[in-house]
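Have a look at data_26.json; it's JSON, C-alpha atoms:
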[["chain", "number", "residue", "atom", "x", "y", "z"],
["A", 1, "MET", "CA", -22.54, 30.46, 63.90],
["A", 2, "GLY", "CA", -22.73, 33.73, 61.97],
["A", 3, "VAL", "CA", -25.58, 36.09, 61.14],
["A", 4, "VAL", "CA", -27.97, 36.59, 58.25],
["A", 5, "THR", "CA", -29.45, 40.08, 57.99],
["A", 6, "VAL", "CA", -32.66, 40.39, 56.00],
["A", 7, "SER", "CA", -33.68, 43.79, 54.68],
["A", 8, "ALA", "CA", -37.22, 43.44, 53.36],
["A", 9, "SER", "CA", -39.28, 46.11, 51.68],
["A", 10, "PHE", "CA", -43.01, 46.24, 52.40],
["A", 11, "GLY", "CA", -44.82, 43.35, 50.73],
["A", 12, "SER", "CA", -41.70, 41.33, 49.98],
["A", 13, "GLY", "CA", -42.47, 38.58, 52.50],
["A", 14, "GLY", "CA", -39.70, 39.23, 54.99],
["A", 15, "ALA", "CA", -41.83, 38.27, 57.98],
["A", 16, "GLU", "CA", -42.37, 34.80, 56.50],
["A", 17, "ILE", "CA", -39.01, 34.23, 54.79],
["A", 18, "ALA", "CA", -36.64, 35.34, 57.56],
["A", 19, "PRO", "CA", -37.93, 32.97, 60.30],
["A", 20, "ALA", "CA", -38.02, 30.11, 57.77],
["A", 21, "VAL", "CA", -34.36, 30.77, 56.97],
["A", 22, "ALA", "CA", -33.53, 30.75, 60.68],
["A", 23, "GLU", "CA", -35.28, 27.41, 61.16],
["A", 24, "ARG", "CA", -33.48, 25.82, 58.21],
["A", 25, "LEU", "CA", -30.09, 27.07, 59.40],
["A", 26, "GLY", "CA", -30.71, 26.09, 63.01],
["A", 27, "LEU", "CA", -30.21, 29.68, 64.13],
["A", 28, "PRO", "CA", -32.30, 31.84, 66.46],
["A", 29, "PHE", "CA", -34.63, 34.35, 64.83],
["A", 30, "HIS", "CA", -34.20, 37.76, 66.41],
["A", 31, "ASP", "CA", -37.28, 39.90, 66.03],
["A", 32, "ARG", "CA", -39.39, 41.06, 68.98],
["A", 33, "VAL", "CA", -36.61, 40.17, 71.43],
["A", 34, "ILE", "CA", -34.56, 43.12, 70.13],
["A", 35, "PRO", "CA", -36.94, 45.93, 71.20],
["A", 36, "ALA", "CA", -37.54, 44.03, 74.46],
["A", 37, "ARG", "CA", -33.81, 44.10, 75.25],
["A", 38, "VAL", "CA", -33.55, 47.73, 74.22],
["A", 39, "ALA", "CA", -36.46, 48.58, 76.53],
["A", 40, "GLY", "CA", -34.76, 46.85, 79.44],
["A", 41, "ARG", "CA", -31.56, 48.82, 78.94],
["A", 42, "LEU", "CA", -33.30, 52.16, 78.59],
["A", 43, "GLY", "CA", -35.71, 51.51, 81.43],
["A", 44, "VAL", "CA", -38.81, 52.11, 79.30],
["A", 45, "PRO", "CA", -41.86, 49.94, 78.60],
["A", 46, "VAL", "CA", -41.49, 47.43, 75.77],
["A", 47, "ALA", "CA", -44.33, 49.21, 73.94],
["A", 48, "GLU", "CA", -42.26, 52.40, 73.89],
["A", 49, "ALA", "CA", -39.23, 50.61, 72.46],
["A", 50, "GLU", "CA", -41.42, 48.91, 69.86],
["A", 51, "ALA", "CA", -42.82, 52.32, 68.92],
["A", 52, "ASN", "CA", -39.25, 53.30, 68.00],
["A", 53, "ASP", "CA", -38.43, 50.07, 66.21],
["A", 54, "GLU", "CA", -37.30, 50.08, 62.56],
["A", 55, "THR", "CA", -39.60, 47.21, 61.61],
["A", 56, "ILE", "CA", -42.89, 48.74, 62.78],
["A", 57, "THR", "CA", -44.26, 51.18, 60.23],
["A", 58, "ARG", "CA", -46.31, 53.44, 62.49],
["A", 59, "GLY", "CA", -43.61, 53.62, 65.13],
["A", 60, "LEU", "CA", -40.98, 54.21, 62.47],
["A", 61, "TRP", "CA", -42.88, 57.21, 61.11],
["A", 62, "ARG", "CA", -43.07, 58.51, 64.65],
["A", 63, "LEU", "CA", -39.31, 58.11, 65.06],
["A", 64, "VAL", "CA", -38.46, 59.59, 61.68],
["A", 65, "SER", "CA", -40.75, 62.53, 62.30],
["A", 66, "SER", "CA", -38.85, 63.24, 65.51],
["A", 67, "LEU", "CA", -35.70, 63.79, 63.44],
["A", 68, "GLY", "CA", -37.39, 66.73, 61.72],
["A", 69, "THR", "CA", -40.63, 67.61, 59.97],
["A", 70, "MET", "CA", -41.45, 64.99, 57.33],
["A", 71, "PRO", "CA", -44.10, 65.00, 54.57],
["A", 72, "ASP", "CA", -46.97, 62.67, 55.32],
["A", 73, "PRO", "CA", -47.83, 60.42, 52.33],
["A", 74, "VAL", "CA", -51.53, 60.55, 53.19],
["A", 75, "GLY", "CA", -51.63, 64.33, 53.32],
["A", 76, "GLY", "CA", -50.46, 67.06, 55.64],
["A", 77, "VAL", "CA", -47.19, 67.23, 57.54],
["A", 78, "LEU", "CA", -46.05, 65.15, 60.46],
["A", 79, "PRO", "CA", -45.12, 67.49, 63.34],
["A", 80, "THR", "CA", -41.83, 67.24, 65.15],
["A", 81, "SER", "CA", -42.21, 64.80, 68.02],
["A", 82, "THR", "CA", -41.08, 65.24, 71.60],
["A", 83, "LEU", "CA", -39.65, 61.72, 71.84],
["A", 84, "PRO", "CA", -36.92, 61.41, 74.47],
["A", 85, "ASP", "CA", -33.58, 61.11, 72.66],
["A", 86, "GLU", "CA", -34.53, 58.93, 69.70],
["A", 87, "ARG", "CA", -30.86, 58.24, 69.06],
["A", 88, "ALA", "CA", -30.65, 56.30, 72.30],
["A", 89, "TYR", "CA", -32.92, 53.67, 70.78],
["A", 90, "ARG", "CA", -30.68, 53.41, 67.73],
["A", 91, "VAL", "CA", -27.50, 53.17, 69.82],
["A", 92, "GLN", "CA", -28.91, 50.42, 72.04],
["A", 93, "THR", "CA", -30.26, 48.54, 69.03],
["A", 94, "GLU", "CA", -26.78, 48.64, 67.47],
["A", 95, "LYS", "CA", -25.28, 47.27, 70.69],
["A", 96, "VAL", "CA", -27.78, 44.40, 70.76],
["A", 97, "LEU", "CA", -27.00, 43.57, 67.12],
["A", 98, "GLY", "CA", -23.29, 43.57, 67.88],
["A", 99, "GLU", "CA", -23.82, 41.19, 70.78],
["A", 100, "ILE", "CA", -25.88, 38.86, 68.60],
["A", 101, "ALA", "CA", -23.11, 38.78, 65.99],
["A", 102, "ALA", "CA", -20.40, 38.23, 68.59],
["A", 103, "GLY", "CA", -22.47, 35.62, 70.44],
["A", 104, "PRO", "CA", -25.11, 33.15, 69.32],
["A", 105, "GLY", "CA", -25.59, 34.55, 65.82],
["A", 106, "GLY", "CA", -28.96, 34.28, 64.15],
["A", 107, "VAL", "CA", -31.25, 35.77, 61.53],
["A", 108, "VAL", "CA", -32.15, 39.43, 61.99],
["A", 109, "LEU", "CA", -35.06, 41.04, 60.15],
["A", 110, "GLY", "CA", -34.77, 44.79, 59.58],
["A", 111, "ARG", "CA", -33.19, 47.11, 62.16],
["A", 112, "ALA", "CA", -30.85, 48.42, 59.42],
["A", 113, "ALA", "CA", -28.71, 45.45, 60.44],
["A", 114, "ALA", "CA", -26.89, 45.32, 57.09],
["A", 115, "MET", "CA", -25.50, 48.79, 57.81],
["A", 116, "VAL", "CA", -24.74, 48.14, 61.47],
["A", 117, "LEU", "CA", -22.90, 44.85, 60.79],
["A", 118, "ARG", "CA", -21.47, 45.71, 57.38],
["A", 119, "ASP", "CA", -17.82, 45.33, 58.44],
["A", 120, "ARG", "CA", -18.16, 41.81, 59.84],
["A", 121, "PRO", "CA", -16.95, 38.94, 57.61],
["A", 122, "ASP", "CA", -19.25, 36.35, 59.22],
["A", 123, "VAL", "CA", -22.50, 37.98, 58.11],
["A", 124, "LEU", "CA", -24.62, 37.44, 54.99],
["A", 125, "HIS", "CA", -26.65, 40.47, 54.01],
["A", 126, "VAL", "CA", -29.85, 39.78, 52.06],
["A", 127, "ARG", "CA", -32.26, 42.20, 50.43],
["A", 128, "LEU", "CA", -35.83, 41.14, 49.58],
["A", 129, "ASP", "CA", -37.57, 43.51, 47.21],
["A", 130, "GLY", "CA", -39.72, 43.77, 44.10],
["A", 131, "PRO", "CA", -41.60, 46.30, 41.96],
["A", 132, "PRO", "CA", -43.99, 48.44, 44.05],
["A", 133, "GLU", "CA", -47.16, 47.16, 42.38],
["A", 134, "ARG", "CA", -46.21, 43.50, 42.82],
["A", 135, "ARG", "CA", -45.35, 44.16, 46.45],
["A", 136, "LEU", "CA", -48.72, 45.86, 46.84],
["A", 137, "ALA", "CA", -50.55, 42.87, 45.33],
["A", 138, "ALA", "CA", -48.68, 40.46, 47.60],
["A", 139, "ALA", "CA", -49.46, 42.54, 50.68],
["A", 140, "VAL", "CA", -53.16, 42.83, 49.81],
["A", 141, "ALA", "CA", -53.38, 39.06, 49.37],
["A", 142, "HIS", "CA", -51.65, 38.51, 52.71],
["A", 143, "LEU", "CA", -53.39, 41.21, 54.77],
["A", 144, "HIS", "CA", -56.90, 40.92, 53.24],
["A", 145, "ARG", "CA", -57.41, 44.68, 53.49],
["A", 146, "PRO", "CA", -58.58, 47.29, 50.95],
["A", 147, "VAL", "CA", -56.04, 48.11, 48.23],
["A", 148, "ASP", "CA", -55.99, 51.86, 48.91],
["A", 149, "GLU", "CA", -55.35, 51.31, 52.61],
["A", 150, "VAL", "CA", -52.49, 48.90, 51.94],
["A", 151, "ARG", "CA", -51.04, 51.21, 49.27],
["A", 152, "ARG", "CA", -50.85, 54.04, 51.81],
["A", 153, "GLU", "CA", -49.15, 51.71, 54.28],
["A", 154, "ARG", "CA", -46.67, 50.57, 51.63],
["A", 155, "ASP", "CA", -45.80, 54.14, 50.70],
["A", 156, "ALA", "CA", -45.37, 55.14, 54.33],
["A", 157, "ALA", "CA", -43.17, 52.14, 55.06],
["A", 158, "ASP", "CA", -40.99, 52.66, 51.99],
["A", 159, "ARG", "CA", -40.44, 56.35, 52.67],
["A", 160, "ALA", "CA", -39.93, 55.95, 56.39],
["A", 161, "ARG", "CA", -37.41, 53.13, 56.15],
["A", 162, "GLU", "CA", -35.45, 55.00, 53.50],
["A", 163, "ALA", "CA", -35.48, 58.15, 55.64],
["A", 164, "TYR", "CA", -34.35, 56.21, 58.72],
["A", 165, "VAL", "CA", -31.34, 54.63, 56.98],
["A", 166, "ARG", "CA", -30.39, 57.80, 55.14],
["A", 167, "HIS", "CA", -30.53, 59.84, 58.35],
["A", 168, "PHE", "CA", -28.55, 57.50, 60.60],
["A", 169, "TYR", "CA", -26.28, 55.74, 58.10],
["A", 170, "ARG", "CA", -26.12, 58.16, 55.15],
["A", 171, "CYS", "CA", -26.96, 55.54, 52.54],
["A", 172, "ASP", "CA", -29.83, 54.09, 50.51],
["A", 173, "PRO", "CA", -31.20, 50.82, 51.96],
["A", 174, "ALA", "CA", -32.19, 49.66, 48.46],
["A", 175, "ASP", "CA", -28.64, 49.99, 47.09],
["A", 176, "ALA", "CA", -27.46, 46.51, 46.06],
["A", 177, "HIS", "CA", -23.89, 47.30, 47.16],
["A", 178, "HIS", "CA", -24.94, 46.70, 50.78],
["A", 179, "TYR", "CA", -25.92, 43.06, 50.16],
["A", 180, "GLN", "CA", -24.40, 39.83, 48.91],
["A", 181, "LEU", "CA", -27.80, 38.56, 47.79],
["A", 182, "VAL", "CA", -30.68, 40.58, 46.33],
["A", 183, "VAL", "CA", -33.86, 38.68, 45.46],
["A", 184, "ASP", "CA", -37.15, 39.68, 43.88],
["A", 185, "SER", "CA", -39.36, 37.76, 46.26],
["A", 186, "THR", "CA", -42.52, 38.95, 44.52],
["A", 187, "VAL", "CA", -41.75, 36.62, 41.60],
["A", 188, "LEU", "CA", -40.00, 33.64, 43.16],
["A", 189, "PRO", "CA", -41.98, 31.41, 45.53],
["A", 190, "HIS", "CA", -41.01, 31.98, 49.15],
["A", 191, "ASP", "CA", -39.73, 28.41, 49.46],
["A", 192, "ALA", "CA", -37.33, 29.06, 46.59],
["A", 193, "VAL", "CA", -36.15, 32.29, 48.20],
["A", 194, "VAL", "CA", -35.51, 30.45, 51.48],
["A", 195, "ASP", "CA", -33.49, 27.86, 49.55],
["A", 196, "LEU", "CA", -31.37, 30.59, 47.94],
["A", 197, "VAL", "CA", -30.65, 32.35, 51.22],
["A", 198, "VAL", "CA", -29.85, 29.12, 53.05],
["A", 199, "THR", "CA", -27.49, 28.00, 50.27],
["A", 200, "ALA", "CA", -25.71, 31.37, 50.29],
["A", 201, "ALA", "CA", -25.42, 31.35, 54.09],
["A", 202, "ARG", "CA", -24.01, 27.84, 54.23],
["A", 203, "SER", "CA", -21.48, 28.71, 51.53],
["A", 204, "LEU", "CA", -20.12, 31.26, 54.00],
["A", 205, "GLY", "CA", -20.10, 28.81, 56.88],
["A", 206, "ILE", "CA", -23.16, 30.31, 58.53],
["A", 207, "GLY", "CA", -25.60, 28.03, 60.34],
["A", 208, "GLY", "CA", -25.64, 24.66, 62.04]]

As a first step, turn the structure in this file into structure tokens.
Amino acid sequence: MGVVTVSASFGSGGAEIAPAVAERLGLPFHDRVIPARVAGRLGVPVAEAEANDETITRGLWRLVSSLGTMPDPVGGVLPTSTLPDERAYRVQTEKVLGEIAAGPGGVVLGRAAAMVLRDRPDVLHVRLDGPPERRLAAAVAHLHRPVDEVRRERDAADRAREAYVRHFYRCDPADAHHYQLVVDSTVLPHDAVVDLVVTAARSLGIGG
């Protein structure tokens, strides 16, 4: 059935676009099930696995900070964490992604899946992005929270996700070379973006 990986910067609508793509393609959407499976394999609570998950901003900062002292975008310095072997979470996540690709396929949001599955021919890698200020405006409209608060969250998410991918995979997650399709989803309506991704996936034989 194949896999579509969706790398989505903060405010680019990944949480809405990725499951819509999965539904259109008749593929499972793999999101919260991934940290749940990782938790089961490591014998830790699901909440602990989610706190080390690439798609959760606060947990991601906690994980990245455990790799070494990191500057905090809201001031101060994040101390080195005492997380138990943060690489174990990454290794188990990679194994789950490999099993998804070798098995039922599906649409995967985040998890640096484009880097993990980059050598597979049956995978479409998609990047959703847009200028920071347009992503901020989209996030404020969606979250209905103060602009300054959302701006801090955007900055933390952007820096943490970049640090995560650079640390583990030695590359820039925003580099277009990692994707077959890069879309500015802050300009195009989400329905149009879903259409583009579905068309690209089906051209590669991905989906039902």

Could the residues of segment 145-206 of chain A that have an atom at most 9 Å from segment 111-122 of chain A be listed as CSV, each with its closest atom pair and the distance in Å to one decimal, counting all atoms listed in the file and ordered by chain and ascending residue number?
residue,atom,partner,partner_atom,distance
A:Arg161,CA,A:Ala112,CA,8.7
A:Tyr164,CA,A:Ala112,CA,8.6
A:Val165,CA,A:Ala112,CA,6.7
A:Tyr169,CA,A:Met115,CA,7.0
A:Cys171,CA,A:Met115,CA,8.7
A:Pro173,CA,A:Ala112,CA,7.8
A:His178,CA,A:Ala114,CA,6.7
A:Tyr179,CA,A:Ala114,CA,7.4
A:Leu204,CA,A:Asp122,CA,7.3
A:Gly205,CA,A:Asp122,CA,7.9
A:Ile206,CA,A:Asp122,CA,7.2

Grab the residues selected above and save them as a compact mmCIF listing (two decimals), keeping the file's coordinate frame with C-alpha atoms.
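Listing of result18.txt after writing:
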# COMPACT_ATOMS: atom_id res chain seq x y z
CA ARG A 161 -37.41 53.13 56.15
CA TYR A 164 -34.35 56.21 58.72
CA VAL A 165 -31.34 54.63 56.98
CA TYR A 169 -26.28 55.74 58.10
CA CYS A 171 -26.96 55.54 52.54
CA PRO A 173 -31.20 50.82 51.96
CA HIS A 178 -24.94 46.70 50.78
CA TYR A 179 -25.92 43.06 50.16
CA LEU A 204 -20.12 31.26 54.00
CA GLY A 205 -20.10 28.81 56.88
CA ILE A 206 -23.16 30.31 58.53

Around the point (-25.4, 39.3, 68.6) (coordinates from the file), which residues reach within 12 Å if we count all atoms listed in the file? Answer as number ranges by chain. A: 1-5, 27-30, 33-34, 37, 93-108, 113, 116-117, 120, 122-123

Report, in Å to a single decimal, how far apart atom CA of Gly130 of chain A and atom CA of Arg151 of chain A are. 14.5 Å

In Å to one decimal, how far is atom CA of Asp31 of chain A from atom CA of Gly110 of chain A?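 Atom CA of Asp31 of chain A lies at a distance of 8.5 Å from atom CA of Gly110 of chain A.
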
Nearest to Ala8 of chain A among A:Ala157, A:Ala163, A:Val46, A:Ala141, with distances taken over only C-alpha atoms: which residue is it?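 Under the stated criterion, the closest residue is A:Ala157.
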
Scan for residues within 9 Å of the point (-34.5, 40.7, 51.2) in the coordinates of the file, using only C-alpha atoms, and reply as a ChimeraX atom specification. /A:5-9,12-14,17-18,109,125-129,179,181-185

I'd like the interatomic distance between atom CA of Glu133 of chain A and atom CA of Gln180 of chain A, to a tenth of an Å.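 We find that atom CA of Glu133 of chain A and atom CA of Gln180 of chain A lie 24.8 Å from each other.
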
Neighbours of Phe10 of chain A within 7 Å (all atoms listed in the file; same-chain residues fewer than 3 positions away dropped), as a count of residues only? 4

For Gly26 of chain A, find every residue with an atom within 8 Å (counting only C-alpha atoms), except residues of its own chain fewer than 4 positions away, and show them as a list of chain:residue names.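 The residues satisfying every condition are A:Ala22, A:Gly207, A:Gly208.
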
Residue among A:Gln92, A:Glu23, A:Glu16, A:Ala201 lying closest to Ala36 of chain A, counting only C-alpha atoms: A:Gln92

Would you please take segment 15-34 of chain A of the structure in the block above and write N, CA and C atoms to a file as a PDB file, in the first residue's frame?
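Dumped everything to result.pdb:
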ATOM      1  N   ALA A  15      -1.665  18.594  11.268  1.00  0.00           N
ATOM      2  CA  ALA A  15      -2.596  17.779  12.051  1.00  0.00           C
ATOM      3  C   ALA A  15      -3.954  17.647  11.383  1.00  0.00           C
ATOM      4  N   GLU A  16      -4.284  18.567  10.478  1.00  0.00           N
ATOM      5  CA  GLU A  16      -5.543  18.474   9.740  1.00  0.00           C
ATOM      6  C   GLU A  16      -5.333  17.821   8.372  1.00  0.00           C
ATOM      7  N   ILE A  17      -4.231  18.148   7.713  1.00  0.00           N
ATOM      8  CA  ILE A  17      -3.990  17.672   6.351  1.00  0.00           C
ATOM      9  C   ILE A  17      -3.624  16.188   6.322  1.00  0.00           C
ATOM     10  N   ALA A  18      -2.745  15.755   7.202  1.00  0.00           N
ATOM     11  CA  ALA A  18      -2.264  14.368   7.162  1.00  0.00           C
ATOM     12  C   ALA A  18      -3.391  13.346   7.331  1.00  0.00           C
ATOM     13  N   PRO A  19      -4.275  13.472   8.336  1.00  0.00           N
ATOM     14  CA  PRO A  19      -5.362  12.488   8.441  1.00  0.00           C
ATOM     15  C   PRO A  19      -6.342  12.550   7.274  1.00  0.00           C
ATOM     16  N   ALA A  20      -6.518  13.748   6.686  1.00  0.00           N
ATOM     17  CA  ALA A  20      -7.398  13.855   5.523  1.00  0.00           C
ATOM     18  C   ALA A  20      -6.809  13.120   4.326  1.00  0.00           C
ATOM     19  N   VAL A  21      -5.491  13.192   4.179  1.00  0.00           N
ATOM     20  CA  VAL A  21      -4.810  12.447   3.119  1.00  0.00           C
ATOM     21  C   VAL A  21      -4.990  10.944   3.329  1.00  0.00           C
ATOM     22  N   ALA A  22      -4.826  10.504   4.573  1.00  0.00           N
ATOM     23  CA  ALA A  22      -4.983   9.080   4.885  1.00  0.00           C
ATOM     24  C   ALA A  22      -6.383   8.596   4.527  1.00  0.00           C
ATOM     25  N   GLU A  23      -7.384   9.389   4.873  1.00  0.00           N
ATOM     26  CA  GLU A  23      -8.769   9.004   4.579  1.00  0.00           C
ATOM     27  C   GLU A  23      -8.998   8.902   3.069  1.00  0.00           C
ATOM     28  N   ARG A  24      -8.500   9.867   2.321  1.00  0.00           N
ATOM     29  CA  ARG A  24      -8.684   9.863   0.874  1.00  0.00           C
ATOM     30  C   ARG A  24      -7.975   8.670   0.216  1.00  0.00           C
ATOM     31  N   LEU A  25      -6.831   8.301   0.740  1.00  0.00           N
ATOM     32  CA  LEU A  25      -6.058   7.202   0.156  1.00  0.00           C
ATOM     33  C   LEU A  25      -6.487   5.831   0.673  1.00  0.00           C
ATOM     34  N   GLY A  26      -7.371   5.832   1.677  1.00  0.00           N
ATOM     35  CA  GLY A  26      -7.784   4.564   2.263  1.00  0.00           C
ATOM     36  C   GLY A  26      -6.682   3.897   3.051  1.00  0.00           C
ATOM     37  N   LEU A  27      -5.826   4.707   3.667  1.00  0.00           N
ATOM     38  CA  LEU A  27      -4.701   4.201   4.442  1.00  0.00           C
ATOM     39  C   LEU A  27      -4.874   4.556   5.914  1.00  0.00           C
ATOM     40  N   PRO A  28      -4.300   3.764   6.813  1.00  0.00           N
ATOM     41  CA  PRO A  28      -4.352   4.131   8.233  1.00  0.00           C
ATOM     42  C   PRO A  28      -3.507   5.366   8.508  1.00  0.00           C
ATOM     43  N   PHE A  29      -3.966   6.170   9.466  1.00  0.00           N
ATOM     44  CA  PHE A  29      -3.214   7.336   9.903  1.00  0.00           C
ATOM     45  C   PHE A  29      -2.504   6.967  11.190  1.00  0.00           C
ATOM     46  N   HIS A  30      -1.186   7.011  11.161  1.00  0.00           N
ATOM     47  CA  HIS A  30      -0.382   6.619  12.311  1.00  0.00           C
ATOM     48  C   HIS A  30       0.069   7.857  13.064  1.00  0.00           C
ATOM     49  N   ASP A  31      -0.504   8.060  14.230  1.00  0.00           N
ATOM     50  CA  ASP A  31      -0.143   9.222  15.029  1.00  0.00           C
ATOM     51  C   ASP A  31       0.109   8.780  16.466  1.00  0.00           C
ATOM     52  N   ARG A  32      -0.925   8.812  17.297  1.00  0.00           N
ATOM     53  CA  ARG A  32      -0.736   8.460  18.706  1.00  0.00           C
ATOM     54  C   ARG A  32      -0.410   6.976  18.910  1.00  0.00           C
ATOM     55  N   VAL A  33      -0.725   6.140  17.932  1.00  0.00           N
ATOM     56  CA  VAL A  33      -0.430   4.718  18.072  1.00  0.00           C
ATOM     57  C   VAL A  33       1.073   4.472  18.122  1.00  0.00           C
ATOM     58  N   ILE A  34       1.873   5.363  17.520  1.00  0.00           N
ATOM     59  CA  ILE A  34       3.321   5.152  17.492  1.00  0.00           C
ATOM     60  C   ILE A  34       3.925   5.260  18.889  1.00  0.00           C
TER      61      ILE A  34
END
